[in-house]
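What follows is the content of protein_7.csv, which has CSV, C-alpha atoms and all ligand atoms:
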```
chain,number,residue,atom,x,y,z
A,1,MET,CA,64.8,69.0,106.1
A,2,LYS,CA,68.5,69.2,106.8
A,3,ILE,CA,70.7,67.4,104.3
A,4,SER,CA,74.3,66.2,105.0
A,5,PRO,CA,77.2,67.6,103.0
A,6,LEU,CA,77.5,66.1,99.5
A,7,SER,CA,80.5,64.0,100.4
A,8,SER,CA,78.4,62.0,102.8
A,9,LEU,CA,75.0,62.1,101.1
A,10,SER,CA,72.7,59.4,102.4
A,11,PRO,CA,70.3,58.0,99.8
A,12,LEU,CA,67.7,57.5,102.6
A,13,GLU,CA,68.0,61.0,103.7
A,14,LEU,CA,67.8,62.3,100.2
A,15,THR,CA,64.7,60.2,99.4
A,16,CYS,CA,63.0,61.7,102.5
A,17,ALA,CA,63.9,65.2,101.4
A,18,LEU,CA,62.5,64.6,97.9
A,19,VAL,CA,59.3,63.0,99.3
A,20,ALA,CA,58.6,66.2,101.3
A,21,PHE,CA,58.1,68.2,98.0
A,22,LYS,CA,54.4,68.0,97.0
A,23,SER,CA,55.3,67.5,93.4
A,24,VAL,CA,51.9,66.1,92.2
A,25,THR,CA,51.9,66.3,88.4
A,26,PRO,CA,52.5,68.9,86.9
A,27,ARG,CA,53.4,70.8,90.1
A,28,ASP,CA,57.0,70.9,91.0
A,29,GLU,CA,57.1,72.8,94.3
A,30,GLY,CA,60.9,73.3,94.1
A,31,CYS,CA,61.8,69.6,93.8
A,32,LEU,CA,63.7,69.9,90.5
A,33,SER,CA,65.6,73.1,91.7
A,34,PHE,CA,66.6,71.2,94.8
A,35,LEU,CA,68.0,68.4,92.7
A,36,GLU,CA,69.6,70.9,90.4
A,37,ASP,CA,71.6,72.4,93.3
A,38,ILE,CA,72.7,68.9,94.4
A,39,LEU,CA,73.8,67.9,90.9
A,40,GLN,CA,75.7,71.1,90.5
A,41,GLY,CA,77.4,70.4,93.8
A,42,VAL,CA,78.5,67.0,92.5
A,43,GLY,CA,80.0,68.7,89.4
A,44,PHE,CA,77.2,68.4,86.8
A,45,ALA,CA,76.4,71.2,84.4
A,46,THR,CA,72.7,71.6,84.5
A,47,VAL,CA,69.9,73.2,82.5
A,48,MET,CA,66.4,73.8,83.8
A,49,HIS,CA,63.8,73.7,81.0
A,50,PRO,CA,60.8,75.8,82.1
A,51,SER,CA,57.3,75.0,80.9
A,52,LYS,CA,56.0,76.6,77.8
A,53,THR,CA,52.6,77.0,79.5
A,54,PRO,CA,51.7,78.5,82.9
A,55,ASP,CA,51.4,75.7,85.4
A,56,GLY,CA,53.0,73.2,83.0
A,57,PRO,CA,55.7,70.8,84.0
A,58,LYS,CA,59.4,71.6,84.1
A,59,ASN,CA,62.3,69.4,83.0
A,60,LEU,CA,65.9,69.3,84.3
A,61,THR,CA,68.9,68.0,82.3
A,62,ALA,CA,72.5,67.6,83.6
A,63,VAL,CA,75.7,66.3,82.2
A,64,TYR,CA,79.1,65.4,83.7
A,65,GLY,CA,82.3,64.4,81.9
A,66,GLU,CA,83.5,64.0,78.4
A,67,GLY,CA,83.9,61.1,76.0
A,68,ALA,CA,82.0,59.0,73.5
A,69,ARG,CA,80.5,56.5,75.9
A,70,THR,CA,77.4,58.2,77.3
A,71,LEU,CA,75.0,56.9,79.9
A,72,VAL,CA,71.6,58.5,80.4
A,73,PHE,CA,69.9,58.2,83.7
A,74,LEU,CA,66.1,58.8,83.3
A,75,GLY,CA,63.6,59.7,86.0
A,76,HIS,CA,60.6,61.6,87.0
A,77,THR,CA,60.0,63.7,90.2
A,78,ASP,CA,56.3,64.0,89.9
A,79,VAL,CA,54.0,61.7,91.9
A,80,VAL,CA,50.3,60.9,91.9
A,81,PRO,CA,48.0,62.5,94.5
A,82,GLU,CA,47.7,60.9,98.0
A,83,GLY,CA,44.2,59.6,97.1
A,84,ARG,CA,40.9,60.0,98.8
A,85,GLU,CA,41.6,58.1,102.0
A,86,PRO,CA,43.4,60.3,104.6
A,87,TRP,CA,47.1,59.8,104.5
A,88,ASP,CA,49.9,62.3,104.9
A,89,GLY,CA,52.0,61.0,102.0
A,90,PHE,CA,54.4,64.0,101.9
A,91,THR,CA,55.7,63.6,105.4
A,92,PRO,CA,58.1,60.6,105.1
A,93,GLN,CA,57.9,58.2,108.0
A,94,GLU,CA,60.1,55.3,109.0
A,95,ARG,CA,58.5,52.5,111.0
A,96,GLY,CA,60.0,49.1,111.6
A,97,GLY,CA,62.6,49.4,108.8
A,98,ILE,CA,60.0,50.5,106.3
A,99,LEU,CA,59.9,53.9,104.7
A,100,PHE,CA,56.5,55.3,103.9
A,101,GLY,CA,55.8,58.3,101.6
A,102,ARG,CA,54.4,59.2,98.3
A,103,GLY,CA,57.0,58.5,95.6
A,104,VAL,CA,59.5,56.5,97.7
A,105,ALA,CA,59.2,53.7,95.1
A,106,ASP,CA,57.8,55.6,92.1
A,107,MET,CA,60.3,57.0,91.9
A,108,LYS,CA,62.0,59.5,94.2
A,109,GLY,CA,63.8,56.7,95.9
A,110,GLY,CA,65.3,55.7,92.6
A,111,ILE,CA,66.4,59.2,91.8
A,112,ALA,CA,68.0,59.7,95.3
A,113,SER,CA,69.8,56.4,95.0
A,114,PHE,CA,71.1,57.3,91.6
A,115,VAL,CA,72.2,60.8,92.5
A,116,VAL,CA,74.2,59.4,95.5
A,117,ALA,CA,75.7,56.7,93.3
A,118,ALA,CA,76.8,59.3,90.8
A,119,ALA,CA,78.2,61.5,93.5
A,120,ARG,CA,80.2,58.6,95.0
A,121,PHE,CA,81.4,57.4,91.5
A,122,ILE,CA,82.5,60.9,90.4
A,123,ALA,CA,84.3,61.5,93.8
A,124,GLN,CA,86.3,58.4,93.2
A,125,HIS,CA,86.8,58.7,89.4
A,126,PRO,CA,86.5,62.4,88.5
A,127,THR,CA,88.0,61.9,85.1
A,128,PHE,CA,86.3,58.6,84.1
A,129,PRO,CA,86.2,58.1,80.3
A,130,GLY,CA,82.7,59.0,79.3
A,131,LYS,CA,79.7,61.2,79.9
A,132,LEU,CA,77.0,60.8,82.5
A,133,VAL,CA,73.7,62.5,81.6
A,134,VAL,CA,70.7,62.9,84.0
A,135,LEU,CA,67.3,63.6,82.5
A,136,LEU,CA,64.5,64.4,85.0
A,137,THR,CA,60.9,65.4,84.2
A,138,GLY,CA,58.2,66.8,86.3
A,139,ASP,CA,55.5,65.1,84.2
A,140,GLU,CA,55.6,61.3,83.7
A,141,GLU,CA,52.4,60.3,85.6
A,142,VAL,CA,50.1,62.2,83.3
A,143,GLY,CA,52.5,62.2,80.4
A,144,SER,CA,51.8,65.5,78.6
A,145,PRO,CA,53.7,66.4,75.5
A,146,GLU,CA,55.7,68.8,77.7
A,147,GLY,CA,57.2,66.0,79.6
A,148,ILE,CA,60.5,64.2,78.8
A,149,GLN,CA,59.6,63.9,75.1
A,150,ALA,CA,59.7,67.7,74.7
A,151,ILE,CA,63.4,67.9,75.7
A,152,LEU,CA,64.7,64.7,74.2
A,153,PRO,CA,65.7,66.1,70.8
A,154,TRP,CA,67.5,69.0,72.5
A,155,ALA,CA,69.2,66.6,75.0
A,156,ALA,CA,70.3,64.2,72.2
A,157,GLN,CA,71.8,67.1,70.2
A,158,ASN,CA,73.6,68.7,73.2
A,159,TYR,CA,74.7,65.6,75.1
A,160,GLY,CA,74.4,62.8,72.6
A,161,PRO,CA,74.7,60.4,70.9
A,162,PHE,CA,73.6,58.2,73.8
A,163,THR,CA,75.2,54.8,74.3
A,164,ALA,CA,72.6,53.5,76.8
A,165,CYS,CA,69.8,54.6,79.1
A,166,LEU,CA,69.1,53.4,82.6
A,167,VAL,CA,65.5,54.2,83.9
A,168,GLY,CA,65.1,54.3,87.7
A,169,GLU,CA,61.5,53.2,87.6
A,170,PRO,CA,60.4,50.6,90.2
A,171,SER,CA,61.2,47.4,88.3
A,172,SER,CA,61.6,45.1,91.3
A,173,CYS,CA,58.7,42.9,92.3
A,174,GLU,CA,59.1,41.3,95.7
A,175,THR,CA,62.7,42.1,96.7
A,176,LEU,CA,65.1,44.7,95.4
A,177,GLY,CA,66.7,43.6,92.2
A,178,ASP,CA,64.6,40.5,91.6
A,179,HIS,CA,63.3,41.8,88.2
A,180,ILE,CA,64.7,44.1,85.6
A,181,ALA,CA,62.6,45.5,82.7
A,182,LEU,CA,64.0,45.1,79.2
A,183,GLY,CA,61.1,46.9,77.6
A,184,HIS,CA,57.4,47.3,77.7
A,185,ARG,CA,54.4,46.8,75.4
A,186,GLY,CA,53.0,49.6,73.4
A,187,SER,CA,49.8,51.3,74.3
A,188,LEU,CA,46.9,52.6,72.3
A,189,ASN,CA,43.5,53.9,73.4
A,190,LEU,CA,40.3,53.4,71.3
A,191,PHE,CA,37.0,55.1,71.4
A,192,VAL,CA,34.1,53.3,69.7
A,193,THR,CA,30.7,54.6,68.6
A,194,ALA,CA,27.9,52.5,67.3
A,195,GLN,CA,25.4,54.6,65.4
A,196,GLY,CA,21.8,53.3,65.6
A,197,VAL,CA,18.4,54.7,64.9
A,198,GLN,CA,16.2,55.7,67.8
A,199,GLY,CA,12.8,54.2,68.1
A,200,HIS,CA,10.2,52.4,70.2
A,201,VAL,CA,11.2,49.1,71.6
A,202,ALA,CA,7.8,47.7,70.4
A,203,ASN,CA,8.7,48.6,66.8
A,204,PRO,CA,12.3,47.5,66.3
A,205,GLU,CA,11.8,47.2,62.5
A,206,ARG,CA,11.6,51.0,62.4
A,207,ALA,CA,14.8,51.5,64.5
A,208,ARG,CA,18.3,50.1,64.7
A,209,ASN,CA,19.7,49.2,68.1
A,210,PRO,CA,23.4,50.2,68.4
A,211,ILE,CA,24.0,48.1,71.6
A,212,PRO,CA,24.2,44.6,70.0
A,213,ILE,CA,26.4,46.1,67.3
A,214,LEU,CA,28.7,47.5,69.9
A,215,MET,CA,28.7,44.3,71.9
A,216,GLN,CA,29.5,42.2,68.8
A,217,TYR,CA,32.5,44.4,68.1
A,218,LEU,CA,33.8,44.3,71.7
A,219,GLN,CA,33.4,40.6,71.6
A,220,ARG,CA,35.5,40.4,68.5
A,221,ILE,CA,38.3,42.7,69.7
A,222,THR,CA,38.6,41.1,73.1
A,223,THR,CA,38.8,37.5,71.7
A,224,HIS,CA,41.1,38.4,68.7
A,225,VAL,CA,44.4,36.5,68.7
A,226,TRP,CA,46.9,39.3,68.3
A,227,GLU,CA,50.0,37.0,68.0
A,228,SER,CA,50.2,33.2,67.8
A,229,ASP,CA,53.5,33.0,69.8
A,230,PRO,CA,54.5,36.0,71.9
A,231,GLY,CA,57.8,34.3,73.0
A,232,ASP,CA,59.5,35.9,75.9
A,233,PHE,CA,57.8,39.3,75.3
A,234,ALA,CA,54.5,40.0,77.2
A,235,ALA,CA,51.5,39.1,75.0
A,236,SER,CA,49.1,41.8,73.7
A,237,ASN,CA,46.1,42.4,75.8
A,238,LEU,CA,43.0,44.5,75.2
A,239,GLU,CA,40.8,45.7,78.1
A,240,VAL,CA,37.4,47.4,77.6
A,241,THR,CA,37.3,50.2,80.2
A,242,SER,CA,33.9,51.8,79.7
A,243,ILE,CA,30.5,51.1,78.0
A,244,ASP,CA,28.1,54.1,77.8
A,245,VAL,CA,24.6,54.3,76.4
A,246,ASP,CA,23.2,57.0,78.7
A,247,ASN,CA,19.6,56.0,78.0
A,248,PRO,CA,17.4,56.3,81.1
A,249,VAL,CA,14.2,55.4,79.2
A,250,SER,CA,13.4,51.7,79.1
A,251,ASN,CA,11.1,51.7,76.1
A,252,ILE,CA,13.4,53.6,73.8
A,253,ILE,CA,16.0,52.0,71.5
A,254,PRO,CA,18.9,54.5,71.9
A,255,SER,CA,20.5,56.2,68.9
A,256,GLN,CA,24.1,55.7,70.0
A,257,ALA,CA,26.3,53.4,72.1
A,258,HIS,CA,29.9,54.2,73.1
A,259,ALA,CA,32.8,52.2,74.5
A,260,CYS,CA,36.4,52.9,75.4
A,261,ALA,CA,39.3,50.4,75.5
A,262,ASN,CA,43.0,50.2,75.8
A,263,ILE,CA,45.3,47.7,74.2
A,264,ARG,CA,48.9,46.9,75.3
A,265,PHE,CA,50.6,45.5,72.3
A,266,HIS,CA,53.4,43.2,71.6
A,267,ILE,CA,56.8,44.3,70.1
A,268,GLN,CA,55.8,42.6,66.8
A,269,HIS,CA,53.1,45.3,66.2
A,270,ASN,CA,53.2,49.0,66.1
A,271,SER,CA,50.4,51.5,66.8
A,272,GLU,CA,49.6,51.8,63.1
A,273,SER,CA,49.3,48.1,62.5
A,274,ILE,CA,47.1,47.7,65.6
A,275,ALA,CA,44.9,50.6,64.5
A,276,ASN,CA,44.5,49.1,61.1
A,277,THR,CA,43.4,45.8,62.5
A,278,LEU,CA,40.9,47.5,64.9
A,279,GLN,CA,39.5,49.4,61.9
A,280,ALA,CA,39.3,46.3,59.8
A,281,LEU,CA,37.5,44.4,62.5
A,282,ALA,CA,35.0,47.3,62.8
A,283,ALA,CA,34.4,47.3,59.1
A,284,GLU,CA,33.8,43.5,59.1
A,285,THR,CA,31.3,43.9,62.0
A,286,SER,CA,29.1,46.7,60.9
A,287,GLU,CA,29.2,49.8,58.8
A,288,CYS,CA,27.5,51.6,61.7
A,289,LEU,CA,30.7,51.5,63.7
A,290,SER,CA,33.2,54.3,64.0
A,291,VAL,CA,36.5,53.8,65.8
A,292,GLU,CA,38.9,56.5,66.8
A,293,THR,CA,42.4,55.3,67.8
A,294,VAL,CA,44.9,57.3,69.9
A,295,PRO,CA,48.4,55.9,70.1
A,296,ASN,CA,50.1,56.3,73.5
A,297,GLY,CA,53.6,54.9,72.8
A,298,GLU,CA,55.3,52.1,70.8
A,299,ALA,CA,56.5,48.9,72.3
A,300,PHE,CA,60.3,48.7,73.0
A,301,LEU,CA,62.8,46.0,73.9
A,302,CYS,CA,66.5,46.2,74.8
A,303,GLN,CA,68.5,43.8,72.7
A,304,ASP,CA,71.9,45.0,73.8
A,305,GLU,CA,73.3,42.0,75.5
A,306,GLU,CA,76.2,43.9,76.9
A,307,LEU,CA,73.9,46.4,78.7
A,308,ILE,CA,71.6,43.7,80.0
A,309,GLY,CA,74.7,41.8,81.2
A,310,ILE,CA,76.1,44.8,83.0
A,311,THR,CA,72.8,45.4,84.7
A,312,GLU,CA,72.5,41.8,85.8
A,313,GLU,CA,76.0,41.7,87.1
A,314,ALA,CA,75.6,44.9,89.1
A,315,VAL,CA,72.5,43.3,90.8
A,316,ARG,CA,74.2,39.9,91.3
A,317,GLU,CA,77.4,41.3,92.7
A,318,THR,CA,75.7,43.8,95.0
A,319,LEU,CA,72.6,42.0,96.1
A,320,HIS,CA,73.6,38.4,95.5
A,321,ILE,CA,70.5,37.5,93.5
A,322,THR,CA,69.9,37.0,89.8
A,323,PRO,CA,67.3,39.2,88.4
A,324,ARG,CA,64.5,37.9,86.1
A,325,ARG,CA,64.2,39.6,82.7
A,326,GLY,CA,60.7,40.9,81.9
A,327,THR,CA,58.6,43.2,79.8
A,328,GLU,CA,55.3,43.1,81.6
A,329,GLY,CA,53.8,46.1,83.6
A,330,GLY,CA,53.0,49.6,82.5
A,331,THR,CA,55.1,51.5,80.0
A,332,THR,CA,57.5,54.3,81.1
A,333,ASP,CA,59.2,57.3,79.6
A,334,GLY,CA,61.9,54.8,78.5
A,335,ARG,CA,59.7,54.3,75.4
A,336,PHE,CA,60.7,57.8,74.2
A,337,VAL,CA,64.4,57.3,74.8
A,338,ALA,CA,64.3,53.8,73.1
A,339,SER,CA,64.4,55.6,69.7
A,340,TYR,CA,67.8,57.0,70.7
A,341,CYS,CA,69.6,54.1,72.4
A,342,PRO,CA,69.0,50.8,74.2
A,343,VAL,CA,67.0,51.2,77.5
A,344,MET,CA,67.0,49.2,80.7
A,345,GLU,CA,64.9,49.6,83.8
A,346,LEU,CA,66.1,48.9,87.3
A,347,GLY,CA,64.7,50.3,90.5
A,348,MET,CA,62.7,49.9,93.7
A,349,ILE,CA,60.0,47.4,94.6
A,350,SER,CA,56.8,48.3,92.8
A,351,ARG,CA,54.3,46.5,95.0
A,352,THR,CA,52.8,49.6,96.7
A,353,ILE,CA,53.2,52.2,93.9
A,354,HIS,CA,50.2,54.6,93.7
A,355,HIS,CA,48.7,52.9,96.8
A,356,LYS,CA,47.8,54.7,100.0
A,357,GLY,CA,50.9,54.0,102.2
A,358,GLU,CA,53.4,53.6,99.4
A,359,SER,CA,56.5,52.1,101.0
A,360,ILE,CA,59.9,50.5,100.5
A,361,PRO,CA,62.3,48.8,102.9
A,362,SER,CA,64.4,51.7,104.2
A,363,GLU,CA,67.7,49.9,103.6
A,364,ASP,CA,66.8,49.6,99.9
A,365,CYS,CA,67.8,53.3,99.4
A,366,GLU,CA,71.4,52.4,100.3
A,367,ARG,CA,71.3,49.0,98.6
A,368,LEU,CA,70.0,50.5,95.3
A,369,ALA,CA,72.6,53.3,95.4
A,370,GLN,CA,75.3,50.5,95.7
A,371,VAL,CA,73.8,48.6,92.7
A,372,TYR,CA,73.8,51.8,90.6
A,373,GLU,CA,77.4,52.6,91.7
A,374,THR,CA,78.5,49.1,90.6
A,375,PHE,CA,76.6,49.6,87.4
A,376,LEU,CA,78.5,52.9,86.7
A,377,GLN,CA,81.8,51.2,87.4
A,378,LYS,CA,81.0,48.4,85.0
A,379,PHE,CA,79.6,50.7,82.4
A,380,PHE,CA,82.4,53.3,82.3
A,381,LEU,CA,85.5,51.5,83.8
A,382,ARG,CA,84.5,48.0,82.6
A,383,ILE,CA,85.5,46.5,86.0
B,401,ZN,ZN,57.0,56.1,87.7
```
Go ahead and render the structure in this file as C-alpha cells.
Ligand SMILES: [Zn+2]
Amino acid sequence: MKISPLSSLSPLELTCALVAFKSVTPRDEGCLSFLEDILQGVGFATVMHPSKTPDGPKNLTAVYGEGARTLVFLGHTDVVPEGREPWDGFTPQERGGILFGRGVADMKGGIASFVVAAARFIAQHPTFPGKLVVLLTGDEEVGSPEGIQAILPWAAQNYGPFTACLVGEPSSCETLGDHIALGHRGSLNLFVTAQGVQGHVANPERARNPIPILMQYLQRITTHVWESDPGDFAASNLEVTSIDVDNPVSNIIPSQAHACANIRFHIQHNSESIANTLQALAAETSECLSVETVPNGEAFLCQDEELIGITEEAVRETLHITPRRGTEGGTTDGRFVASYCPVMELGMISRTIHHKGESIPSEDCERLAQVYETFLQKFFLRI
C-alpha cells in the first residue's frame, strides 16, 4: 500500500497499511520494521529487539528528545487470528464510514493515530522539553515472557526514568473517548485436582468420590466474598472455566476430578494473598484437594491526578465529551509498566475487538490522532 509523505501522514491511511500485515501473534510479517522506518523518518532513534527464540516475538523501542519529563506510549502490533468463519481480516475495507479489518481497534488504529500525533507534534515543536518514548511489542495477545516485559528493564535503564505511560488499547465503549481506563484488576489462573479412590458405584464405602469434593470447593470459591466494599475499583470475580472427570464408565467412581478457573482480583489484593486464600479454602474443604495457582499479573491503578486530568482534558477539548473513569475489562501490558510509572489507557472503541468483522468509525483514526496530539501538548508544553 502506498503511504503519503511523512509530513501529511493520514492516520486512516496508516491504520490500513498496518492492518495489511498478517501479524498474528507471534508473527510480525514486517509490521514492526515498517513502523521503525516511519518513526525514524519522524526523527526517533529506534532499536529493534529480535526474539531470543526462532519464531518468537520482536519488540521495537524508539525515543525522541531530551529532558526529564518522559512520556511512554505503549502498544502492540500483534493481532488475534481472523477466526473460523470466513473473513478477510487483513484487507482493510471501508464501507459507509466504517473501517473493517483485524486490529483496527485492537490496536493498530491506536498505534497509527499515536504515530501521526507524534509526527505532527514533533514537526511543530521539534525542541519540546522532554522525551517521547514509544514501546511496541509483537506479543501482547498471547503474552509470552518475550513480550514487552522482556525489554522493560532495558528501556527503563536507557530511556527512563519514566514520568507517565499512555497505553493505546481500545478503552472506549460506545463512542470514541467515552471511557478511559485508570487500571485493571489482577489475574490469576488456578488448576484444581480432587483426589479420590476409584471403586464400584454400588460399594461407595470402599471408594471415595472426588466429584462432590471438587464441587464443594468450587461452590466455596465462587461464593466467597473477596472484598466487602470495592469502592470505585472493579470488584473481584472468579469464573470456573472447565470441569473435567473424563470417566466414560457409568458404574465406576472415578479416581480424580479436575477444574480450572480464573480470578480477576481487586487492587486491595495481590496474587500472593489471593493464592493464600484459595489454598486456605481448599485446606478447609478437604485434604484430598490440591490447588496450583499461576499468577498472570497484578492489579494496577493510576492515582496521578495530573495525568488523569490531562487525559480527560485532551478528550474533552477535542471530542467535546467527558470520559468516564473505569477499571473494568481485561488487563493489558500496562500492568508491567505500572511498576515504573503511572499508566493511563485511552484508545479506540472496543465493542468489536477479536470479533469477526472488527471495525471502527473511519473518522476515529483522525479524531484519536487529534486527541493524542492535544495530550502531547498538555503533557509537554502544559498548554
Ligand atoms: Zn490489545
Checklist outcome for this item: If you count all atoms listed in the file, the residue of A:Thr70, A:Ser339, A:Ser33, A:Thr332 closest to ligand ZN 401 (chain B) turns out to be A:Thr332
Contacts of A:Pro323 within 6 Å, all atoms listed in the file, excl. fewer than 4 positions in-chain, as a PDB file with C-alpha atoms, keeping the file's coordinate frame:
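New file result.pdb:
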```
ATOM      1  CA  GLY A 177      66.700  43.600  92.200  1.00  0.00           C
ATOM      2  CA  ASP A 178      64.600  40.500  91.600  1.00  0.00           C
ATOM      3  CA  HIS A 179      63.300  41.800  88.200  1.00  0.00           C
TER       4      HIS A 179
END
```
Checklist entry - In Å to one decimal, how far is atom CA of A:Asn296 from atom CA of A:Phe114? => result 27.7 Å
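You will find atom CA of A:Gly103 at 16.4 Å from atom CA of A:Pro86.
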Just want the 8 Å neighbourhood of stretch 164-172 of chain A, counted on all atoms listed in the file, with same-chain residues fewer than 2 positions away dropped. Output as a compact mmCIF listing (two decimals) with C-alpha atoms, in the frame of the given file.
```txt
# COMPACT_ATOMS: atom_id res chain seq x y z
CA THR A 70 77.40 58.20 77.30
CA LEU A 71 75.00 56.90 79.90
CA VAL A 72 71.60 58.50 80.40
CA PHE A 73 69.90 58.20 83.70
CA LEU A 74 66.10 58.80 83.30
CA GLY A 75 63.60 59.70 86.00
CA ALA A 105 59.20 53.70 95.10
CA ASP A 106 57.80 55.60 92.10
CA MET A 107 60.30 57.00 91.90
CA GLY A 110 65.30 55.70 92.60
CA ILE A 111 66.40 59.20 91.80
CA PHE A 114 71.10 57.30 91.60
CA PHE A 162 73.60 58.20 73.80
CA GLU A 174 59.10 41.30 95.70
CA THR A 175 62.70 42.10 96.70
CA LEU A 176 65.10 44.70 95.40
CA GLY A 177 66.70 43.60 92.20
CA ASP A 178 64.60 40.50 91.60
CA HIS A 179 63.30 41.80 88.20
CA ILE A 180 64.70 44.10 85.60
CA ALA A 181 62.60 45.50 82.70
CA LEU A 307 73.90 46.40 78.70
CA THR A 332 57.50 54.30 81.10
CA GLY A 334 61.90 54.80 78.50
CA VAL A 337 64.40 57.30 74.80
CA CYS A 341 69.60 54.10 72.40
CA PRO A 342 69.00 50.80 74.20
CA VAL A 343 67.00 51.20 77.50
CA MET A 344 67.00 49.20 80.70
CA GLU A 345 64.90 49.60 83.80
CA LEU A 346 66.10 48.90 87.30
CA GLY A 347 64.70 50.30 90.50
CA MET A 348 62.70 49.90 93.70
CA ILE A 349 60.00 47.40 94.60
CA SER A 350 56.80 48.30 92.80
```
Next on the checklist: I want to know what sits within 12 Å of A:Cys365, based on only C-alpha atoms, with residues of the same chain fewer than 4 positions away left out; could you give that as number ranges by chain?
Outcome noted: A: 9-16, 97-99, 104-105, 107-117, 176, 347-349, 359-361, 369-372
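Distances from A:Leu218, A:Asp232, A:His49, A:Leu182 to A:Gly147 were compared using all atoms listed in the file, and the smallest one belongs to A:His49.
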Next on the checklist: Report, in Å with one decimal, the straight-line distance from atom CA of A:Glu317 to atom CA of A:Glu363.
Outcome noted: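 Going from atom CA of A:Glu317 over to atom CA of A:Glu363, I get 16.9 Å.
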Checklist entry - Which is closer to ligand ZN 401 (chain B) than all the others in A:Ser236, A:Gln219, A:Asn276, A:Thr352, using all atoms listed in the file? => result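 Smallest distance to ligand ZN 401 (chain B) is found for A:Thr352.
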Next on the checklist: List the spatial neighbours of A:Thr222 as a PyMOL selection string - criterion: any atom at most 9 Å away, only C-alpha atoms, same-chain residues fewer than 4 positions off excluded.
Outcome noted: chain A and resi 217-218+237-240
Next on the checklist: If we count all atoms listed in the file and set the cut-off at 9 Å, which residues sit around A:Ala282, ignoring sequence neighbours fewer than 4 positions away in its own chain? Please answer as number ranges by chain.
Outcome noted: A: 217, 220-221, 277-278, 286-291
Dig up all the protein and nucleic acid residues within 10 Å of (70.6, 36.7, 85.7) in the file frame, using only C-alpha atoms, and format them as a PDB file with C-alpha atoms, keeping the file's coordinate frame.
```
ATOM      1  CA  ASP A 178      64.600  40.500  91.600  1.00  0.00           C
ATOM      2  CA  HIS A 179      63.300  41.800  88.200  1.00  0.00           C
ATOM      3  CA  ILE A 180      64.700  44.100  85.600  1.00  0.00           C
ATOM      4  CA  ILE A 308      71.600  43.700  80.000  1.00  0.00           C
ATOM      5  CA  GLY A 309      74.700  41.800  81.200  1.00  0.00           C
ATOM      6  CA  THR A 311      72.800  45.400  84.700  1.00  0.00           C
ATOM      7  CA  GLU A 312      72.500  41.800  85.800  1.00  0.00           C
ATOM      8  CA  GLU A 313      76.000  41.700  87.100  1.00  0.00           C
ATOM      9  CA  VAL A 315      72.500  43.300  90.800  1.00  0.00           C
ATOM     10  CA  ARG A 316      74.200  39.900  91.300  1.00  0.00           C
ATOM     11  CA  ILE A 321      70.500  37.500  93.500  1.00  0.00           C
ATOM     12  CA  THR A 322      69.900  37.000  89.800  1.00  0.00           C
ATOM     13  CA  PRO A 323      67.300  39.200  88.400  1.00  0.00           C
ATOM     14  CA  ARG A 324      64.500  37.900  86.100  1.00  0.00           C
ATOM     15  CA  ARG A 325      64.200  39.600  82.700  1.00  0.00           C
TER      16      ARG A 325
END
```
Next on the checklist: So, with only C-alpha atoms and all ligand atoms as the atoms that count, which of A:Val19, A:Glu140, A:His258, A:Leu60 lies closest to ligand ZN 401 (chain B)?
Outcome noted: A:Glu140
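Of the listed residues A:Gly143, A:Gly41, A:Gly89, A:Gly196, the one whose atoms come nearest to ligand ZN 401 (chain B) is A:Gly143, with distances taken using only C-alpha atoms and all ligand atoms.
Using all atoms listed in the file, the nearest neighbour of ligand ZN 401 (chain B) within the list A:Gly138, A:Pro295, A:Gly160, A:Pro248 is A:Gly138.
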